[in-house]
Amino acid sequence: MSGVGPLARDAATAEFCDAAAAGQFLLRRCPVGHASEPAVVQCTTCGQTDLHWDPAGGGATLVSWAVSWSRPSAGEPARQTILVIGELDEGPWWWTQLADDPPPDPAALRAGIRLRIEFRRADAGHEAVPVFVLA
Amino acid sequence: MTPVGKVYGLTSAQFAAEAVRLAVADAGLRLADVDGLLTSSGVTGGISIDLQRDLGLTDLRLLSHMQAYGSTAGAMVQFASMAVQSGMASVVACVFADSPLQPERRAGAAYGSRRAPAGWWGMLGASGVVGANPMYALAARRHMDRYGTTSEQLGHIAVAQRAWAALNPAAQLREPITLADHQASRWIVEPFHLLDCCLVSNGGIAVIVTTADRAASLAQPPVHVLGWAQAHPGRYLRRDPDFGLVSGAASAGPAALAMAGFDLAEVDVVELYDCYTFTVLLTLEDYGFCPKGEGGPFVASGVLGPAGKLRLNTGGGQLSGYYMWGMTPLSEAVIQARGQAGARQAPAHDVVLVSGNGGVLDHHATLVLASPAAAQ
């Protein structure tokens, strides 16, 4: 496990980061009720721009996964991070790492495995980063 | 094309200018004959419509900078073709150049240092999803999970392209490799080994697009642009049921062939964009060379390489030849169509199918090129 990196907020992510600090993952929801990925500026289903933030339930299923290897350096073995796409139960997808400690065997992963959103920080001075763990 | 690979001392703009001068001379033209210029740049940027001034091109009738990532080269040829068809311009130079490599700096650093500390991009980076390698690895893994595609099958593509590269004097990596070498090469982002990933190169490549009548009297065998199409699915970092399974190639390929009036069976040479081995496999499926999901068994069946029946990525591609984005498949397609590929020349080269792919399978351009005989 390599952990998450440092992250600062900006104007577009401020509300998302506030909720993340409280353990909530926010989606964008249009007046019709369609859920979109947090970074969108218009609904991915109907195109409306009158979006509001709406907390996701936190459950997801595994879409795909990959194992990122650090370049081995003198005296240090290569470290691996499992990167995943999760499909939130509300529909949108999210790209982040699988943060279980110890990490699961990648060979045991399959599309459709249940995941749960958690949050990790590089340190107390940085924003909380969404991660998935096995549910 | 300029020398490509570990070629130092020129900026991207200088590579671009040199590539245009070389292409114009190769065609038997003078710079003063050029009345259209389309420019494009790679990861280091540095190229703009200022190239007109660098080349001393006056009174142009068409000038623009284009960017659709790895599909740009194909897109430039498409726009240039429409420009000469409409009479807007008569001789259009289309150029790409890049210079990410620096002496004493490893190739990965040239493409791997774009982590942003803030905002949505920063969040992706802080999560460990940095650059193209993880995104394409996630696409490939989804294909593997759905269809049973294996790393060994992807390895067949790497091995075959290296065998082609051995026959290409311009290729950066010409030492033969085996499937075992592929499997033993270090992981970059699993399921990709090092030998699943493209090179990084410096250099510049330009092509000249003109009318068929004009081309017939120039210095080189003409290569006709008979069909083209683009596809931009537009679902990057959004829910995408097709992710890793179907790309824009599935619509652009058949559309370009239909425009050209050819069937897949009539294609003699295939030059596919290969940022990764997986991109080749997916494009083969999407173009219809094998049924969806059967790309793995297809590439492992012995059809690839100089001894196989499919003339695919005959210059070594971007895995082993040189990494000039969409200009890599396009340049090899032109060389093959002209019959100038030397030891790697395909015996039949009347119809050449070319792909460009950009983003994370987000942008696709297809060209169908043909010899004068096939264009009749």
# chains A, B, ... in the order shown; residues from 1 in each chain; ligands from 1
call {"tool": "interface_residues", "arguments": {"of": "chain A", "to": "chain B", "cutoff": "7 Å", "atoms": "only C-alpha atoms", "output": "mmCIF file with N, CA and C atoms, in the first residue's frame"}}
result
data_model
loop_
_atom_site.group_PDB
_atom_site.id
_atom_site.type_symbol
_atom_site.label_atom_id
_atom_site.label_comp_id
_atom_site.auth_asym_id
_atom_site.auth_seq_id
_atom_site.Cartn_x
_atom_site.Cartn_y
_atom_site.Cartn_z
ATOM 1 N N VAL A 4 -2.657 7.554 0.096
ATOM 2 C CA VAL A 4 -3.043 8.613 -0.828
ATOM 3 C C VAL A 4 -2.040 9.752 -0.750
ATOM 4 N N GLY A 5 -2.045 10.587 -1.797
ATOM 5 C CA GLY A 5 -1.128 11.708 -1.859
ATOM 6 C C GLY A 5 -1.745 12.970 -1.291
ATOM 7 N N PRO A 6 -0.936 14.010 -1.191
ATOM 8 C CA PRO A 6 -1.450 15.290 -0.705
ATOM 9 C C PRO A 6 -2.491 15.862 -1.659
ATOM 10 N N LEU A 7 -3.474 16.540 -1.110
ATOM 11 C CA LEU A 7 -4.548 17.128 -1.924
ATOM 12 C C LEU A 7 -4.985 18.441 -1.305
ATOM 13 N N ALA A 8 -5.085 19.474 -2.151
ATOM 14 C CA ALA A 8 -5.644 20.760 -1.727
ATOM 15 C C ALA A 8 -6.996 20.937 -2.387
ATOM 16 N N ARG A 9 -7.869 21.734 -1.793
ATOM 17 C CA ARG A 9 -9.155 22.022 -2.409
ATOM 18 C C ARG A 9 -9.038 23.209 -3.355
ATOM 19 N N ASP A 10 -9.983 23.330 -4.260
ATOM 20 C CA ASP A 10 -10.137 24.565 -5.032
ATOM 21 C C ASP A 10 -11.614 24.923 -5.014
ATOM 22 N N ALA A 12 -13.972 24.559 -7.123
ATOM 23 C CA ALA A 12 -14.888 23.551 -7.666
ATOM 24 C C ALA A 12 -15.077 22.378 -6.711
ATOM 25 N N THR A 13 -14.084 22.102 -5.881
ATOM 26 C CA THR A 13 -14.140 20.912 -5.020
ATOM 27 C C THR A 13 -14.422 21.239 -3.557
ATOM 28 N N GLU A 37 -21.492 12.112 -11.910
ATOM 29 C CA GLU A 37 -20.209 12.172 -11.242
ATOM 30 C C GLU A 37 -20.005 13.566 -10.632
ATOM 31 N N ALA A 39 -17.732 15.786 -10.622
ATOM 32 C CA ALA A 39 -17.036 16.859 -11.337
ATOM 33 C C ALA A 39 -17.846 17.457 -12.479
ATOM 34 N N SER A 64 -13.424 -2.354 -12.732
ATOM 35 C CA SER A 64 -12.128 -2.850 -13.207
ATOM 36 C C SER A 64 -11.058 -2.488 -12.194
ATOM 37 N N TRP A 65 -9.868 -3.100 -12.347
ATOM 38 C CA TRP A 65 -8.785 -2.860 -11.403
ATOM 39 C C TRP A 65 -7.455 -3.016 -12.123
ATOM 40 N N ALA A 66 -6.423 -2.384 -11.575
ATOM 41 C CA ALA A 66 -5.068 -2.466 -12.125
ATOM 42 C C ALA A 66 -4.107 -2.294 -10.960
ATOM 43 N N VAL A 67 -2.913 -2.823 -11.120
ATOM 44 C CA VAL A 67 -1.946 -2.750 -10.032
ATOM 45 C C VAL A 67 -0.769 -1.894 -10.478
ATOM 46 N N SER A 68 -0.653 -0.730 -9.866
ATOM 47 C CA SER A 68 0.423 0.197 -10.218
ATOM 48 C C SER A 68 1.663 -0.137 -9.387
ATOM 49 N N TRP A 69 2.779 -0.321 -10.084
ATOM 50 C CA TRP A 69 4.035 -0.663 -9.413
ATOM 51 C C TRP A 69 4.962 0.536 -9.448
ATOM 52 N N LEU A 83 -5.403 0.039 -8.139
ATOM 53 C CA LEU A 83 -6.270 1.116 -8.613
ATOM 54 C C LEU A 83 -7.552 0.504 -9.155
ATOM 55 N N PRO A 92 -23.111 6.590 -11.027
ATOM 56 C CA PRO A 92 -21.831 7.163 -11.473
ATOM 57 C C PRO A 92 -20.632 6.283 -11.129
ATOM 58 N N TRP A 93 -19.541 6.474 -11.891
ATOM 59 C CA TRP A 93 -18.300 5.744 -11.650
ATOM 60 C C TRP A 93 -17.305 6.646 -10.928
ATOM 61 N N TRP A 95 -12.898 6.727 -9.845
ATOM 62 C CA TRP A 95 -11.569 6.168 -10.045
ATOM 63 C C TRP A 95 -10.708 6.466 -8.820
ATOM 64 N N THR A 96 -10.234 5.458 -8.127
ATOM 65 C CA THR A 96 -9.362 5.695 -6.982
ATOM 66 C C THR A 96 -8.656 4.384 -6.636
ATOM 67 N N GLN A 97 -8.019 4.345 -5.467
ATOM 68 C CA GLN A 97 -7.312 3.121 -5.083
ATOM 69 C C GLN A 97 -8.163 2.259 -4.153
ATOM 70 N N ARG A 110 -12.718 -9.612 -9.045
ATOM 71 C CA ARG A 110 -13.587 -9.845 -10.191
ATOM 72 C C ARG A 110 -14.550 -8.678 -10.294
ATOM 73 N N ALA A 111 -14.951 -8.345 -11.516
ATOM 74 C CA ALA A 111 -15.986 -7.326 -11.687
ATOM 75 C C ALA A 111 -17.234 -7.745 -10.927
ATOM 76 N N VAL A 129 -9.269 12.145 0.793
ATOM 77 C CA VAL A 129 -9.352 11.601 -0.562
ATOM 78 C C VAL A 129 -10.257 10.367 -0.533
#
call {"tool": "select_by_dssp", "arguments": {"residues": "stretch 202-358 of chain B", "states": "strand (DSSP E or B)", "output": "NGL selection string"}}
result
:B and (202-210 or 224-231 or 269-271 or 276 or 312 or 351-358)
call {"tool": "residues_around", "arguments": {"residues": "stretch 98-105 of chain B", "least_positions_apart": "2", "cutoff": "10 Å", "atoms": "only C-alpha atoms", "output": "VMD selection string"}}
result
chain B and resid 4 to 16 40 to 47 96 107 to 111 200 to 205 323 to 325
call {"tool": "residues_around", "arguments": {"residues": "B:Ser320", "least_positions_apart": "5", "cutoff": "7 Å", "atoms": "only C-alpha atoms", "output": "list of chain:residue names"}}
result
B:Gln161, B:Arg162, B:Ala165, B:Ala171, B:Gln172, B:Leu173, B:Leu199
call {"tool": "residues_around", "arguments": {"residues": "B:Val34", "least_positions_apart": "6", "cutoff": "12 Å", "atoms": "only C-alpha atoms", "output": "ChimeraX atom specification"}}
result
/B:20-21,23-25,27-28,52,55-63,80,84,89-94,207-210
call {"tool": "residues_around", "arguments": {"residues": "A:His34", "least_positions_apart": "4", "cutoff": "12 Å", "atoms": "only C-alpha atoms", "output": "list in words"}}
result
Leu27, Arg28, Arg29, Cys30, Gln42, Cys43, Thr44, Thr45, Cys46, Gly47, Gln48, Thr49, Asp50, Leu51, His52, Trp53, Asp54, Glu90, Gly91 and Pro92 of chain A
call {"tool": "write_last_selection", "arguments": {"atoms": "C-alpha atoms", "output": "PDB file, in the first residue's frame"}}
result
ATOM      1  CA  LEU A  27     -22.814  13.279  -6.155  1.00  0.00           C
ATOM      2  CA  ARG A  28     -24.420  15.843  -8.440  1.00  0.00           C
ATOM      3  CA  ARG A  29     -28.177  15.432  -8.691  1.00  0.00           C
ATOM      4  CA  CYS A  30     -30.426  17.183 -11.250  1.00  0.00           C
ATOM      5  CA  GLN A  42     -24.373  19.488 -16.351  1.00  0.00           C
ATOM      6  CA  CYS A  43     -26.393  16.318 -15.813  1.00  0.00           C
ATOM      7  CA  THR A  44     -24.851  13.411 -17.744  1.00  0.00           C
ATOM      8  CA  THR A  45     -28.337  12.024 -18.439  1.00  0.00           C
ATOM      9  CA  CYS A  46     -30.488  15.046 -19.351  1.00  0.00           C
ATOM     10  CA  GLY A  47     -28.090  17.999 -19.618  1.00  0.00           C
ATOM     11  CA  GLN A  48     -29.717  20.197 -16.978  1.00  0.00           C
ATOM     12  CA  THR A  49     -27.337  22.592 -15.257  1.00  0.00           C
ATOM     13  CA  ASP A  50     -29.460  23.175 -12.139  1.00  0.00           C
ATOM     14  CA  LEU A  51     -27.536  20.637 -10.068  1.00  0.00           C
ATOM     15  CA  HIS A  52     -27.361  20.158  -6.332  1.00  0.00           C
ATOM     16  CA  TRP A  53     -25.085  18.068  -4.135  1.00  0.00           C
ATOM     17  CA  ASP A  54     -26.513  14.825  -2.804  1.00  0.00           C
ATOM     18  CA  GLU A  90     -26.461   5.467  -7.646  1.00  0.00           C
ATOM     19  CA  GLY A  91     -24.839   4.847 -11.089  1.00  0.00           C
ATOM     20  CA  PRO A  92     -21.831   7.163 -11.473  1.00  0.00           C
TER      21      PRO A  92
END
call {"tool": "atom_distance", "arguments": {"atom1": "atom CA of B:Leu22", "atom2": "atom CA of B:Asp50"}}
result
18.4 Å
call {"tool": "select_by_dssp", "arguments": {"residues": "stretch 201-267 of chain B", "states": "helix (DSSP H, G or I)", "output": "list in words"}}
result
Ala212, Asp213, Arg214, Ala215, Ala216, Ala249, Ala250, Ser251, Ala252, Gly253, Pro254, Ala255, Ala256, Leu257, Ala258, Met259, Ala260, Leu264, Ala265 and Glu266 of chain B
call {"tool": "atom_distance", "arguments": {"atom1": "atom CA of A:Gln80", "atom2": "atom CA of A:Ala124"}}
result
23.6 Å
call {"tool": "residues_around", "arguments": {"residues": "B:Ser64", "least_positions_apart": "5", "cutoff": "8 Å", "atoms": "only C-alpha atoms", "output": "compact mmCIF listing (two decimals) with C-alpha atoms, in the first residue's frame"}}
result
# COMPACT_ATOMS: atom_id res chain seq x y z
CA LEU B 37 -0.56 24.46 -43.04
CA LEU B 38 -2.04 22.36 -40.24
CA THR B 39 0.12 22.02 -37.12
CA ILE B 49 0.59 28.56 -36.16
call {"tool": "atom_distance", "arguments": {"atom1": "atom CA of B:Met76", "atom2": "atom CA of B:Ala170"}}
result
23.4 Å
